[in-house]
$ cat structure-v1.cif   # mmCIF, C-alpha atoms
data_target
#
loop_
_atom_site.label_atom_id
_atom_site.label_comp_id
_atom_site.auth_asym_id
_atom_site.auth_seq_id
_atom_site.Cartn_x
_atom_site.Cartn_y
_atom_site.Cartn_z
CA ALA A 1 135.97 89.55 69.16
CA ALA A 2 133.85 88.81 66.07
CA TYR A 3 136.92 87.93 64.03
CA ASN A 4 138.33 85.72 66.79
CA ALA A 5 134.96 83.95 66.96
CA GLY A 6 135.25 83.01 63.30
CA VAL A 7 133.13 85.71 61.64
CA LYS A 8 134.31 86.53 58.12
CA PRO A 9 135.94 89.99 57.84
CA SER A 10 133.42 90.89 55.11
CA HIS A 11 130.65 90.33 57.67
CA ILE A 12 132.10 92.65 60.32
CA VAL A 13 130.83 96.23 60.63
CA GLY A 14 132.32 98.70 63.07
CA GLN A 15 129.85 101.27 64.41
CA SER A 16 130.81 104.61 65.92
CA ASN A 17 128.69 107.29 67.53
CA HIS A 18 131.43 109.79 68.25
CA LEU A 19 130.81 113.20 66.79
CA MET A 20 134.37 113.81 65.71
CA LEU A 21 133.97 110.82 63.41
CA LEU A 22 130.50 111.78 62.25
CA ASN A 23 131.71 115.19 61.13
CA ALA A 24 135.21 114.15 60.22
CA SER A 25 135.91 116.29 57.17
CA LYS A 26 134.24 119.40 58.59
CA ASN A 27 136.17 119.27 61.84
CA GLY A 28 139.50 118.33 60.34
CA TYR A 29 140.01 114.92 61.90
CA ILE A 30 140.33 113.20 58.55
CA ASN A 31 143.32 115.29 57.52
CA GLY A 32 145.20 114.47 60.68
CA LYS A 33 144.44 117.34 63.06
CA SER A 34 142.71 116.00 66.14
CA ASN A 35 141.20 117.87 69.05
CA ALA A 36 140.01 114.65 70.64
CA PHE A 37 141.57 113.51 73.91
CA LEU A 38 141.07 109.93 72.84
CA VAL A 39 139.42 109.05 69.57
CA LYS A 40 137.77 105.70 70.23
CA ALA A 41 137.31 103.25 67.40
CA ASN A 42 137.47 99.55 66.76
CA GLY A 43 141.14 99.02 66.28
CA ASN A 44 141.88 95.38 65.48
CA GLY A 45 142.08 96.02 61.74
CA TYR A 46 139.68 93.23 60.76
CA ILE A 47 136.68 95.52 60.23
CA ARG A 48 135.70 95.86 56.60
CA SER A 49 132.88 98.41 56.94
CA VAL A 50 132.10 101.40 59.15
CA ALA A 51 128.59 102.68 59.91
CA THR A 52 128.31 106.01 61.70
CA ILE A 53 125.36 106.94 63.90
CA GLN A 54 124.25 110.31 62.58
CA LEU A 55 122.62 113.04 64.61
CA SER A 56 119.23 113.50 63.05
CA LYS A 57 115.79 114.75 63.98
CA GLU A 58 114.57 111.83 61.88
CA ILE A 59 116.14 109.11 64.06
CA ASN A 60 114.39 108.47 67.38
CA THR A 61 116.96 107.85 70.12
CA THR A 62 114.40 108.22 72.93
CA LYS A 63 112.46 104.94 72.86
CA PRO A 64 113.33 104.17 76.52
CA LEU A 65 111.82 107.54 77.49
CA SER A 66 108.64 106.68 75.60
CA LYS A 67 108.29 103.48 77.66
CA SER A 68 108.85 105.44 80.88
CA LEU A 69 106.13 107.91 79.91
CA ASP A 70 103.75 104.99 79.50
CA ASP A 71 104.83 103.42 82.79
CA LEU A 72 104.39 106.78 84.56
CA GLY A 73 100.89 107.21 83.13
CA ILE A 74 101.79 110.35 81.18
CA THR A 75 99.57 110.69 78.12
CA ARG A 76 99.53 113.10 75.20
CA GLU A 77 96.43 114.72 76.77
CA HIS A 78 98.31 115.75 79.92
CA THR A 79 99.07 119.43 80.36
CA ALA A 80 102.75 120.06 81.06
CA VAL A 81 101.87 121.58 84.45
CA ALA A 82 99.83 118.53 85.49
CA ALA A 83 102.60 116.16 84.36
CA ARG A 84 105.17 118.16 86.33
CA GLN A 85 103.04 118.17 89.46
CA GLU A 86 102.66 114.38 89.26
CA MET A 87 106.42 113.89 88.80
CA VAL A 88 107.29 116.29 91.63
CA GLN A 89 104.88 114.42 93.92
CA MET A 90 106.48 111.12 92.93
CA LEU A 91 109.98 112.44 93.62
CA MET A 92 108.93 113.97 96.95
CA LEU A 93 107.48 110.65 98.07
CA GLY A 94 110.08 108.27 96.64
CA GLY A 95 113.25 110.26 96.06
CA LYS A 96 116.28 109.72 98.28
CA LYS A 97 116.60 113.13 99.95
CA HIS A 98 120.06 114.59 100.37
CA ASP A 99 120.73 115.71 103.94
CA LEU A 100 121.61 119.42 103.67
CA ASN A 101 123.27 119.31 107.10
CA SER A 102 125.55 116.45 106.10
CA GLU A 103 129.17 116.92 105.07
CA ALA A 104 128.83 114.06 102.60
CA GLU A 105 129.40 114.75 98.92
CA VAL A 106 126.45 115.06 96.58
CA SER A 107 127.01 111.78 94.78
CA ALA A 108 126.45 111.11 91.09
CA ALA A 109 124.79 107.87 92.28
CA GLY A 110 121.63 109.92 92.62
CA CYS A 111 119.48 111.86 95.09
CA VAL A 112 116.84 114.58 95.33
CA ILE A 113 117.64 117.98 96.85
CA VAL A 114 114.90 120.30 98.14
CA SER A 115 114.76 123.09 100.68
CA PRO A 116 113.85 122.05 104.25
CA GLY A 117 110.11 122.15 104.68
CA ALA A 118 109.43 122.15 100.94
CA THR A 119 106.23 120.53 99.74
CA ALA A 120 105.17 119.38 96.30
CA GLU A 121 102.68 122.25 96.17
CA ASN A 122 105.31 125.02 96.48
CA ILE A 123 107.80 123.56 93.97
CA ASP A 124 107.43 125.67 90.83
CA ARG A 125 110.65 124.82 88.97
CA GLY A 126 112.71 121.65 88.55
CA PHE A 127 116.23 120.77 87.42
CA PHE A 128 117.93 117.46 86.60
CA LEU A 129 121.68 117.10 87.01
CA TYR A 130 123.66 114.59 84.94
CA LEU A 131 127.17 115.88 85.43
CA ASN A 132 129.49 112.98 86.28
CA LYS A 133 132.60 114.51 87.89
CA TYR A 134 130.93 117.92 88.27
CA THR A 135 127.98 116.59 90.27
CA ASN A 136 129.42 117.45 93.68
CA ILE A 137 130.70 120.84 92.53
CA LEU A 138 127.21 121.98 91.59
CA GLY A 139 125.64 119.94 94.40
CA GLN A 140 127.74 121.73 97.01
CA HIS A 141 126.80 125.06 95.45
CA ILE A 142 123.10 124.18 95.71
CA ARG A 143 123.58 123.12 99.33
CA GLU A 144 125.38 126.37 100.23
CA VAL A 145 122.64 128.52 98.67
CA LEU A 146 119.89 126.61 100.48
CA ASN A 147 121.81 126.67 103.80
CA GLY A 148 122.69 130.37 103.48
CA THR A 149 126.43 129.66 103.68
CA SER A 150 127.46 130.93 100.23
CA VAL A 151 130.52 133.18 100.09
CA PRO A 152 129.77 135.87 99.12
CA PRO A 153 126.12 135.66 100.20
CA VAL A 154 123.57 135.34 97.39
CA SER A 155 120.63 137.69 96.89
CA LYS A 156 117.30 137.08 98.59
CA GLU A 157 115.70 136.67 95.15
CA LEU A 158 118.09 133.87 94.20
CA LYS A 159 117.70 132.08 97.53
CA ASP A 160 113.89 132.27 97.22
CA ALA A 161 114.09 130.82 93.70
CA TYR A 162 116.23 127.93 95.03
CA LYS A 163 113.72 127.32 97.84
CA ASN A 164 110.96 126.86 95.27
CA ALA A 165 113.01 124.42 93.19
CA MET A 166 113.58 120.67 93.11
CA PHE A 167 117.01 119.36 92.06
CA VAL A 168 117.27 115.76 90.89
CA VAL A 169 120.72 114.16 90.63
CA CYS A 170 120.16 111.46 88.02
CA GLY A 171 121.63 108.14 89.05
CA PRO A 172 120.60 104.60 89.98
CA GLU A 173 120.09 105.54 93.65
CA ALA A 174 117.90 108.62 93.12
CA PHE A 175 114.89 106.73 94.44
CA ASP A 176 114.89 105.43 98.00
CA ALA A 177 114.40 101.66 97.80
CA LYS A 178 112.64 101.69 101.18
CA THR A 179 109.72 103.65 99.73
CA GLY A 180 108.97 101.00 97.12
CA ILE A 181 108.75 103.71 94.44
CA LYS A 182 110.89 103.02 91.39
CA GLY A 183 111.73 104.86 88.21
CA ASN A 184 114.40 106.29 85.94
CA ALA A 185 115.19 109.63 87.60
CA MET A 186 116.10 111.37 84.36
CA HIS A 187 112.97 110.15 82.59
CA VAL A 188 110.83 111.28 85.53
CA ALA A 189 112.46 114.73 85.37
CA GLN A 190 112.03 114.89 81.59
CA ALA A 191 108.38 113.92 81.95
CA GLY A 192 108.12 116.91 84.29
CA SER A 193 109.74 119.27 81.75
CA PHE A 194 112.63 119.92 84.17
CA ASP A 195 115.50 122.08 82.94
CA GLY A 196 118.64 119.97 82.54
CA VAL A 197 122.31 120.46 83.41
CA THR A 198 124.51 117.79 81.82
CA ALA A 199 128.00 116.84 80.81
CA ALA A 200 128.57 116.45 77.07
CA GLY A 201 128.51 112.69 76.51
CA PHE A 202 127.16 111.61 73.16
CA GLY A 203 124.22 109.67 74.59
CA ILE A 204 122.47 112.43 76.54
CA LEU A 205 123.25 115.11 73.94
CA SER A 206 121.96 113.01 71.04
CA GLU A 207 118.70 112.40 72.94
CA MET A 208 118.25 116.05 73.86
CA HIS A 209 119.13 117.07 70.29
CA TYR A 210 116.37 114.81 68.97
CA LEU A 211 113.81 116.28 71.39
CA ILE A 212 114.83 119.93 71.02
CA SER A 213 115.24 119.83 67.24
CA ASN A 214 111.69 118.44 67.02
CA ASP A 215 110.47 121.21 69.35
CA ALA A 216 109.24 118.48 71.69
CA TYR A 217 110.86 119.52 74.97
CA HIS A 218 109.60 122.42 77.09
CA GLY A 219 112.66 122.63 79.35
CA LYS A 220 116.06 124.19 78.77
CA LEU A 221 119.55 122.62 78.75
CA LEU A 222 122.88 123.81 80.19
CA VAL A 223 125.85 121.78 78.93
CA MET A 224 129.23 121.47 80.68
CA PRO A 225 131.89 119.53 78.69
CA VAL A 226 134.26 117.58 80.93
CA GLU A 227 137.54 119.47 81.31
CA GLN A 228 140.33 118.49 78.90
CA GLN A 229 138.16 115.87 77.19
CA HIS A 230 138.13 117.35 73.73
CA GLU A 231 135.66 114.72 72.59
CA GLN A 232 133.05 116.32 74.85
CA GLU A 233 133.93 119.80 73.64
CA THR A 234 133.47 118.57 70.08
CA ASN A 235 130.15 116.95 71.02
CA THR A 236 128.99 120.29 72.39
CA ASP A 237 130.22 122.35 69.45
CA VAL A 238 128.67 120.07 66.85
CA LEU A 239 125.40 119.65 68.72
CA LEU A 240 124.84 123.29 69.52
CA ALA A 241 126.42 125.01 66.55
CA ASP A 242 125.84 122.61 63.67
CA ALA A 243 122.77 120.67 64.77
CA LEU A 244 120.69 123.21 66.69
CA GLY A 245 122.12 126.53 65.56
CA HIS A 246 124.09 129.17 67.47
CA ASP A 247 122.29 131.02 70.27
CA HIS A 248 119.50 128.48 70.49
CA PRO A 249 117.06 129.84 73.11
CA LYS A 250 116.83 126.53 74.95
CA VAL A 251 120.52 125.66 75.16
CA GLY A 252 123.51 127.20 76.95
CA THR A 253 127.06 126.10 77.74
CA ALA A 254 129.57 126.50 80.55
CA LYS A 255 133.30 125.90 80.25
CA SER A 256 134.54 126.23 83.87
CA ASN A 257 133.38 125.50 87.40
CA ALA A 258 132.82 129.19 88.10
CA GLU A 259 130.85 129.65 84.89
CA LEU A 260 128.80 126.53 85.65
CA LYS A 261 127.67 127.98 89.00
CA GLU A 262 127.07 131.43 87.53
CA LYS A 263 125.00 130.18 84.60
CA PHE A 264 123.10 127.75 86.79
CA ASP A 265 122.14 130.59 89.15
CA GLU A 266 120.96 132.55 86.12
CA LEU A 267 118.95 129.55 84.93
CA VAL A 268 117.31 129.07 88.34
CA LEU A 269 116.53 132.75 88.84
CA THR A 270 115.59 134.18 85.45
CA LYS A 271 115.46 131.46 82.79
CA ALA A 272 113.81 128.53 84.53
CA THR A 273 110.84 126.85 82.86
CA THR A 274 108.48 127.59 85.74
CA ASN A 275 104.96 126.29 86.23
CA LYS A 276 103.69 129.78 85.35
CA ILE A 277 105.51 129.74 82.02
CA LEU A 278 104.14 126.30 81.17
CA ALA A 279 100.61 127.42 82.09
CA ASN A 280 100.86 130.69 80.12
CA GLU A 281 102.01 128.76 77.05
CA ASN A 282 99.17 126.25 77.44
CA ALA A 283 101.92 123.64 77.12
CA THR A 284 100.85 120.02 76.75
CA MET A 285 102.66 116.68 76.62
CA GLU A 286 101.35 115.93 73.12
CA LYS A 287 104.57 116.80 71.24
CA LEU A 288 106.88 115.00 73.69
CA TYR A 289 104.65 111.93 73.73
CA ASP A 290 104.32 111.73 69.94
CA THR A 291 108.00 112.43 69.29
CA THR A 292 109.28 109.78 71.71
CA HIS A 293 106.77 107.19 70.45
CA ARG A 294 107.51 107.84 66.78
CA ASP A 295 108.66 104.94 64.63
CA THR A 296 111.60 106.23 62.62
CA LYS A 297 114.68 105.00 60.87
CA LYS A 298 116.94 103.23 63.33
CA ALA A 299 120.54 104.08 64.09
CA THR A 300 121.44 100.50 63.11
CA ASP A 301 119.82 100.65 59.65
CA LYS A 302 123.11 101.63 58.02
CA ALA A 303 124.97 98.72 59.59
CA VAL A 304 122.28 96.27 58.44
CA LYS A 305 122.49 97.61 54.89
CA LEU A 306 126.27 97.26 54.85
CA LEU A 307 126.00 93.66 55.98
CA THR A 308 123.32 92.72 53.46
CA THR A 309 124.35 94.69 50.38
CA HIS A 310 128.00 95.60 51.14
CA GLU A 311 127.22 99.05 49.76
CA GLY A 312 126.56 102.47 51.13
CA MET A 313 129.71 103.67 52.91
CA THR A 314 130.31 107.41 52.56
CA ALA A 315 133.68 108.89 51.63
CA ASP A 316 134.22 109.95 55.24
CA GLU A 317 133.43 106.46 56.49
CA ARG A 318 135.89 104.94 54.03
CA GLN A 319 138.55 107.34 55.24
CA ILE A 320 137.75 106.50 58.86
CA LEU A 321 138.05 102.80 58.02
CA PHE A 322 141.42 103.42 56.37
CA LEU A 323 142.73 105.38 59.36
CA ASN A 324 141.39 102.74 61.70
CA PHE A 325 143.20 99.99 59.81
CA GLN A 326 146.34 102.08 59.45
CA THR A 327 146.63 102.91 63.14
CA ALA A 328 145.91 99.31 64.14
CA HIS A 329 148.89 98.08 62.14
CA ASP A 330 151.29 101.00 62.40
CA PRO A 331 154.23 100.10 64.73
CA LYS A 332 154.25 103.55 66.31
CA SER A 333 150.50 103.45 67.02
CA LYS A 334 150.77 99.94 68.47
CA ALA A 335 153.60 101.09 70.72
CA LEU A 336 151.55 104.06 71.90
CA ARG A 337 148.63 101.79 72.74
CA ARG A 338 150.82 99.39 74.68
CA ILE A 339 152.53 102.23 76.58
CA ASN A 340 149.09 103.60 77.35
CA LYS A 341 148.17 100.27 78.99
CA VAL A 342 151.11 100.75 81.33
CA MET A 343 150.74 104.48 81.80
CA ILE A 344 147.08 104.87 82.77
CA PRO A 345 147.02 102.38 85.70
CA ALA A 346 150.41 103.69 86.86
CA LEU A 347 149.19 107.28 86.96
CA GLU A 348 145.93 106.27 88.65
CA ALA A 349 147.84 104.36 91.32
CA MET A 350 150.37 107.12 91.92
CA LYS A 351 147.75 109.87 92.14
CA GLY A 352 146.51 108.18 95.28
CA GLY A 353 149.98 107.64 96.72
CA ALA A 354 150.49 103.98 95.77
CA TYR A 355 153.89 102.76 94.65
CA ILE A 356 152.90 99.39 93.23
CA VAL A 357 151.29 99.44 89.78
CA GLN A 358 149.64 96.81 87.62
CA THR A 359 150.52 96.14 84.00
CA ARG A 360 148.85 93.73 81.61
CA MET A 361 149.31 93.73 77.84
CA SER A 362 146.68 91.18 76.81
CA ALA A 363 144.40 88.44 78.06
CA GLU A 364 147.15 85.91 77.35
CA VAL A 365 149.69 87.71 79.56
CA PRO A 366 149.29 87.53 83.35
CA THR A 367 148.99 90.75 85.34
CA ARG A 368 152.31 92.02 86.67
CA TYR A 369 152.69 93.97 89.89
CA THR A 370 155.66 96.30 89.71
CA ALA A 371 157.19 98.82 92.09
CA VAL A 372 157.37 102.26 90.48
CA ASP A 373 161.16 102.45 90.86
CA ASP A 374 161.49 99.12 89.04
CA LEU A 375 159.03 100.24 86.36
CA ILE A 376 161.16 103.34 85.72
CA LYS A 377 164.24 101.15 85.29
CA GLN A 378 162.37 98.83 82.92
CA LEU A 379 161.21 101.76 80.78
CA ARG A 380 164.78 103.09 80.50
CA ASP A 381 166.24 99.74 79.43
CA PRO A 382 165.32 99.05 75.75
CA MET A 383 165.41 95.26 76.12
CA LYS A 384 163.32 95.23 79.31
CA ALA A 385 160.96 97.88 77.94
CA ASN A 386 160.30 95.81 74.84
CA GLU A 387 159.80 92.71 76.98
CA LEU A 388 157.25 94.67 79.05
CA LEU A 389 155.36 96.00 76.01
CA ASP A 390 155.57 92.77 74.00
CA LEU A 391 156.11 94.58 70.67
CA ASP A 392 157.12 92.98 67.37
CA VAL A 393 159.24 96.03 66.56
CA PHE A 394 160.69 98.31 69.25
CA THR A 395 160.78 101.52 67.21
CA PRO A 396 162.77 104.66 68.06
CA GLU A 397 159.43 106.35 68.73
CA ALA A 398 158.55 103.64 71.25
CA ARG A 399 161.88 104.07 72.99
CA ALA A 400 161.39 107.85 73.13
CA GLU A 401 157.91 107.43 74.60
CA CYS A 402 159.23 105.02 77.25
CA GLU A 403 161.96 107.50 78.23
CA ARG A 404 159.42 110.31 78.33
CA PHE A 405 157.11 108.36 80.60
CA ALA A 406 159.99 107.25 82.85
CA ASP A 407 161.06 110.88 83.27
CA PHE A 408 157.54 111.84 84.26
CA LEU A 409 157.19 108.98 86.76
CA GLN A 410 160.48 110.10 88.31
CA GLU A 411 159.17 113.65 88.54
CA ILE A 412 155.76 112.80 89.98
CA GLN A 413 157.28 110.72 92.78
CA ASN A 414 158.59 113.96 94.27
CA LYS A 415 155.11 115.52 94.48
CA PRO A 416 152.73 114.96 97.40
CA SER A 417 149.94 112.46 96.70
CA GLY A 418 146.53 113.94 96.12
CA PRO A 419 145.54 117.07 94.15
CA GLU A 420 149.09 118.02 93.13
CA ARG A 421 149.80 114.61 91.59
CA THR A 422 146.34 114.50 90.02
CA ALA A 423 146.88 117.88 88.35
CA ALA A 424 150.31 116.86 87.07
CA ALA A 425 148.97 113.56 85.69
CA LYS A 426 146.11 115.35 83.91
CA GLU A 427 148.51 117.84 82.35
CA PHE A 428 150.83 115.06 81.19
CA MET A 429 147.98 113.15 79.53
CA TYR A 430 146.59 116.32 77.98
CA GLU A 431 149.91 117.42 76.54
CA ARG A 432 150.66 113.93 75.28
CA TYR A 433 147.43 113.47 73.32
CA ALA A 434 146.04 116.91 72.56
CA ASN A 435 147.62 117.12 69.14
CA GLU A 436 147.68 113.46 68.16
CA MET A 437 145.19 111.29 66.35
CA PHE A 438 145.14 108.24 68.57
CA PHE A 439 142.77 105.34 68.04
CA VAL A 440 142.25 103.11 71.05
CA GLY A 441 141.81 99.49 70.12
CA TYR A 442 143.70 96.32 70.82
#

$ encode --input "structure-v1.cif" --output "structure tokens"
Amino acid sequence: AAYNAGVKPSHIVGQSNHLMLLNASKNGYINGKSNAFLVKANGNGYIRSVATIQLSKEINTTKPLSKSLDDLGITREHTAVAARQEMVQMLMLGGKKHDLNSEAEVSAAGCVIVSPGATAENIDRGFFLYLNKYTNILGQHIREVLNGTSVPPVSKELKDAYKNAMFVVCGPEAFDAKTGIKGNAMHVAQAGSFDGVTAAGFGILSEMHYLISNDAYHGKLLVMPVEQQHEQETNTDVLLADALGHDHPKVGTAKSNAELKEKFDELVLTKATTNKILANENATMEKLYDTTHRDTKKATDKAVKLLTTHEGMTADERQILFLNFQTAHDPKSKALRRINKVMIPALEAMKGGAYIVQTRMSAEVPTRYTAVDDLIKQLRDPMKANELLDLDVFTPEARAECERFADFLQEIQNKPSGPERTAAAKEFMYERYANEMFFVGY
């Protein structure tokens, strides 16, 4: 976009915050072995510099949290117990309560889950959930424990621990607009030293790394990388192993739905940061307040330096820039990107049972609506396939990929719509990209 707007290539800096790029040499991505499902980078080839956002206890990524603390009236003089009690009261009054008797999913849009009859006074442990696709899996588990419908039944000790807990699903709808109470649900939970359960996106993990590595957060963290998204697995490995150290007492991981439920039960029952623990430790908000309000180097400092002095790229960043340029101009990589623009909407449509798919190669090309049977025929015909993909060179690799995708579309048509198609589509994507270095960028 910058290049098309007339910015000189020498004035364009690409910035990446993905951990597989930040630790490229260590993790092997530079030498061609990729465990990333999709390695995202600026791919138009006009970038002349790359600035990576490094994980560092010296770079404050929590400025929005510091503003929320101020807005919530949390000061460095607050005890952690007092801060939690204020946040629990706020969530009890303003949170959108999930109906435990409802059959509705526990939505990632946000809600607050408490036991029937719970009051702010008897809540002694809190948990925030930021789990994307796993929100309802853990949400349903929480609901079953509280309703006494778990199979097999849980122990009385675990059920009692759940009854004394508050669960906040972090999302834009966590607060009930009708109450007039507003806030960022995650920041409210963090101000209350809630234990967190999150997916492994770079944003939340970089923030929690900054807080935990500065010993500024009282709560614990359970991390669940999204299945088959190797980027998230890499985020987790780098954050926990390289940045915080193995077996860190405040951080745990889960790698499956069953393990997520099991480790969450363990967190609730035996490892929760309870009010009693906070009181016994004489915990205060001083460290969290000071750490979030700290003026530090900014993540953008490197990009500014590259623009003003044109110096300072590391060897890894130069290699990333080279690979970025190479994949943007390589005919095979371009073909893969164009096929991807056909494949992803086709798979998404077919998972739900649709037989008409959309394809669009660029802003200059109008959207096409194509029946799946016709799309299969197009992919098998080299001339029509090249017309569809709008490639300068229709390489043998491109033809092979088109045939491969056509075969899969033919196969998936014979499966019932729903979970069976979804599983097949996931497996196809996983197998296709698991061992490839693939930069997305048009």

$ atom_distance --input "structure-v1.cif" --atom1 "CA of Pro416 (chain A)" --atom2 "CA of Ser256 (chain A)"
25.3 Å

$ closest_residue --input "structure-v1.cif" --among "A:Arg125, A:Lys287, A:Arg399, A:Lys8" --to "Thr270 (chain A)" --atoms "only C-alpha atoms"
A:Arg125

$ atom_distance --input "structure-v1.cif" --atom1 "CA of Gly126 (chain A)" --atom2 "CA of Met166 (chain A)"
4.7 Å

$ closest_residue --input "structure-v1.cif" --among "A:Arg404, A:Lys67, A:Arg318, A:Arg421" --to "His187 (chain A)" --atoms "all atoms listed in the file"
A:Lys67

$ atom_distance --input "structure-v1.cif" --atom1 "CA of Leu278 (chain A)" --atom2 "CA of Val81 (chain A)"
6.2 Å

$ residues_around --input "structure-v1.cif" --residues "Leu269 (chain A)" --least-positions-apart "5" --cutoff "9 Å" --atoms "only C-alpha atoms" --output "list in words"
Glu157, Leu158, Lys159, Asp160, Ala161, Tyr162 and Phe264 of chain A

$ residues_around --input "structure-v1.cif" --residues "Leu307 (chain A)" --least-positions-apart "6" --cutoff "9 Å" --atoms "all atoms listed in the file" --output "VMD selection string"
chain A and resid 10 to 13 49

$ resolve_selection --input "structure-v1.cif" --expression "the PyMOL selection byres ((chain A and resi 198-214) around 7)" --output "number ranges by chain"
A: 18, 55-57, 60-62, 129-132, 196-197, 215-217, 222-226, 232, 235-236, 239, 244

$ closest_residue --input "structure-v1.cif" --among "A:Leu100, A:Ala165, A:Ala315, A:Leu388" --to "Lys341 (chain A)" --atoms "all atoms listed in the file"
A:Leu388

$ closest_residue --input "structure-v1.cif" --among "A:Ala118, A:Ala191, A:Val7, A:Ala109" --to "Arg76 (chain A)" --atoms "all atoms listed in the file"
A:Ala191

$ residues_around --input "structure-v1.cif" --residues "Ala424 (chain A)" --least-positions-apart "4" --cutoff "8 Å" --atoms "all atoms listed in the file" --output "PDB file with C-alpha atoms, keeping the file's coordinate frame"
ATOM      1  CA  ILE A 412     155.760 112.800  89.980  1.00  0.00           C
ATOM      2  CA  GLU A 420     149.090 118.020  93.130  1.00  0.00           C
ATOM      3  CA  PHE A 428     150.830 115.060  81.190  1.00  0.00           C
TER       4      PHE A 428
END

$ closest_residue --input "structure-v1.cif" --among "A:Ser115, A:Thr314, A:Gln85, A:Gln319" --to "Glu144 (chain A)" --atoms "only C-alpha atoms"
A:Ser115

$ resolve_selection --input "structure-v1.cif" --expression "the PyMOL selection byres ((chain A and resi 276) around 12)" --output "PyMOL selection string"
chain A and resi 80-82+84+123-125+272-275+277-283

$ resolve_selection --input "structure-v1.cif" --expression "the PyMOL selection byres ((chain A and resi 188) around 12)" --output "PyMOL selection string"
chain A and resi 64-74+83-92+94-95+112+126-128+168-171+174-175+181-187+189-194

$ write_last_selection --input "structure-v1.cif" --atoms "C-alpha atoms" --output "PDB file, keeping the file's coordinate frame"
ATOM      1  CA  PRO A  64     113.330 104.170  76.520  1.00  0.00           C
ATOM      2  CA  LEU A  65     111.820 107.540  77.490  1.00  0.00           C
ATOM      3  CA  SER A  66     108.640 106.680  75.600  1.00  0.00           C
ATOM      4  CA  LYS A  67     108.290 103.480  77.660  1.00  0.00           C
ATOM      5  CA  SER A  68     108.850 105.440  80.880  1.00  0.00           C
ATOM      6  CA  LEU A  69     106.130 107.910  79.910  1.00  0.00           C
ATOM      7  CA  ASP A  70     103.750 104.990  79.500  1.00  0.00           C
ATOM      8  CA  ASP A  71     104.830 103.420  82.790  1.00  0.00           C
ATOM      9  CA  LEU A  72     104.390 106.780  84.560  1.00  0.00           C
ATOM     10  CA  GLY A  73     100.890 107.210  83.130  1.00  0.00           C
ATOM     11  CA  ILE A  74     101.790 110.350  81.180  1.00  0.00           C
ATOM     12  CA  ALA A  83     102.600 116.160  84.360  1.00  0.00           C
ATOM     13  CA  ARG A  84     105.170 118.160  86.330  1.00  0.00           C
ATOM     14  CA  GLN A  85     103.040 118.170  89.460  1.00  0.00           C
ATOM     15  CA  GLU A  86     102.660 114.380  89.260  1.00  0.00           C
ATOM     16  CA  MET A  87     106.420 113.890  88.800  1.00  0.00           C
ATOM     17  CA  VAL A  88     107.290 116.290  91.630  1.00  0.00           C
ATOM     18  CA  GLN A  89     104.880 114.420  93.920  1.00  0.00           C
ATOM     19  CA  MET A  90     106.480 111.120  92.930  1.00  0.00           C
ATOM     20  CA  LEU A  91     109.980 112.440  93.620  1.00  0.00           C
ATOM     21  CA  MET A  92     108.930 113.970  96.950  1.00  0.00           C
ATOM     22  CA  GLY A  94     110.080 108.270  96.640  1.00  0.00           C
ATOM     23  CA  GLY A  95     113.250 110.260  96.060  1.00  0.00           C
ATOM     24  CA  VAL A 112     116.840 114.580  95.330  1.00  0.00           C
ATOM     25  CA  GLY A 126     112.710 121.650  88.550  1.00  0.00           C
ATOM     26  CA  PHE A 127     116.230 120.770  87.420  1.00  0.00           C
ATOM     27  CA  PHE A 128     117.930 117.460  86.600  1.00  0.00           C
ATOM     28  CA  VAL A 168     117.270 115.760  90.890  1.00  0.00           C
ATOM     29  CA  VAL A 169     120.720 114.160  90.630  1.00  0.00           C
ATOM     30  CA  CYS A 170     120.160 111.460  88.020  1.00  0.00           C
ATOM     31  CA  GLY A 171     121.630 108.140  89.050  1.00  0.00           C
ATOM     32  CA  ALA A 174     117.900 108.620  93.120  1.00  0.00           C
ATOM     33  CA  PHE A 175     114.890 106.730  94.440  1.00  0.00           C
ATOM     34  CA  ILE A 181     108.750 103.710  94.440  1.00  0.00           C
ATOM     35  CA  LYS A 182     110.890 103.020  91.390  1.00  0.00           C
ATOM     36  CA  GLY A 183     111.730 104.860  88.210  1.00  0.00           C
ATOM     37  CA  ASN A 184     114.400 106.290  85.940  1.00  0.00           C
ATOM     38  CA  ALA A 185     115.190 109.630  87.600  1.00  0.00           C
ATOM     39  CA  MET A 186     116.100 111.370  84.360  1.00  0.00           C
ATOM     40  CA  HIS A 187     112.970 110.150  82.590  1.00  0.00           C
ATOM     41  CA  ALA A 189     112.460 114.730  85.370  1.00  0.00           C
ATOM     42  CA  GLN A 190     112.030 114.890  81.590  1.00  0.00           C
ATOM     43  CA  ALA A 191     108.380 113.920  81.950  1.00  0.00           C
ATOM     44  CA  GLY A 192     108.120 116.910  84.290  1.00  0.00           C
ATOM     45  CA  SER A 193     109.740 119.270  81.750  1.00  0.00           C
ATOM     46  CA  PHE A 194     112.630 119.920  84.170  1.00  0.00           C
TER      47      PHE A 194
END

$ closest_residue --input "structure-v1.cif" --among "A:Lys334, A:Ala108, A:Thr179, A:Asn101" --to "Asp390 (chain A)" --atoms "only C-alpha atoms"
A:Lys334

$ residues_around --input "structure-v1.cif" --residues "Gln410 (chain A)" --least-positions-apart "6" --cutoff "12 Å" --atoms "all atoms listed in the file" --output "list in words"
Leu347, Met350, Tyr355, Val372, Asp373, Asp374, Leu375, Ile376, Lys377, Leu379, Arg380, Glu403 and Arg404 of chain A
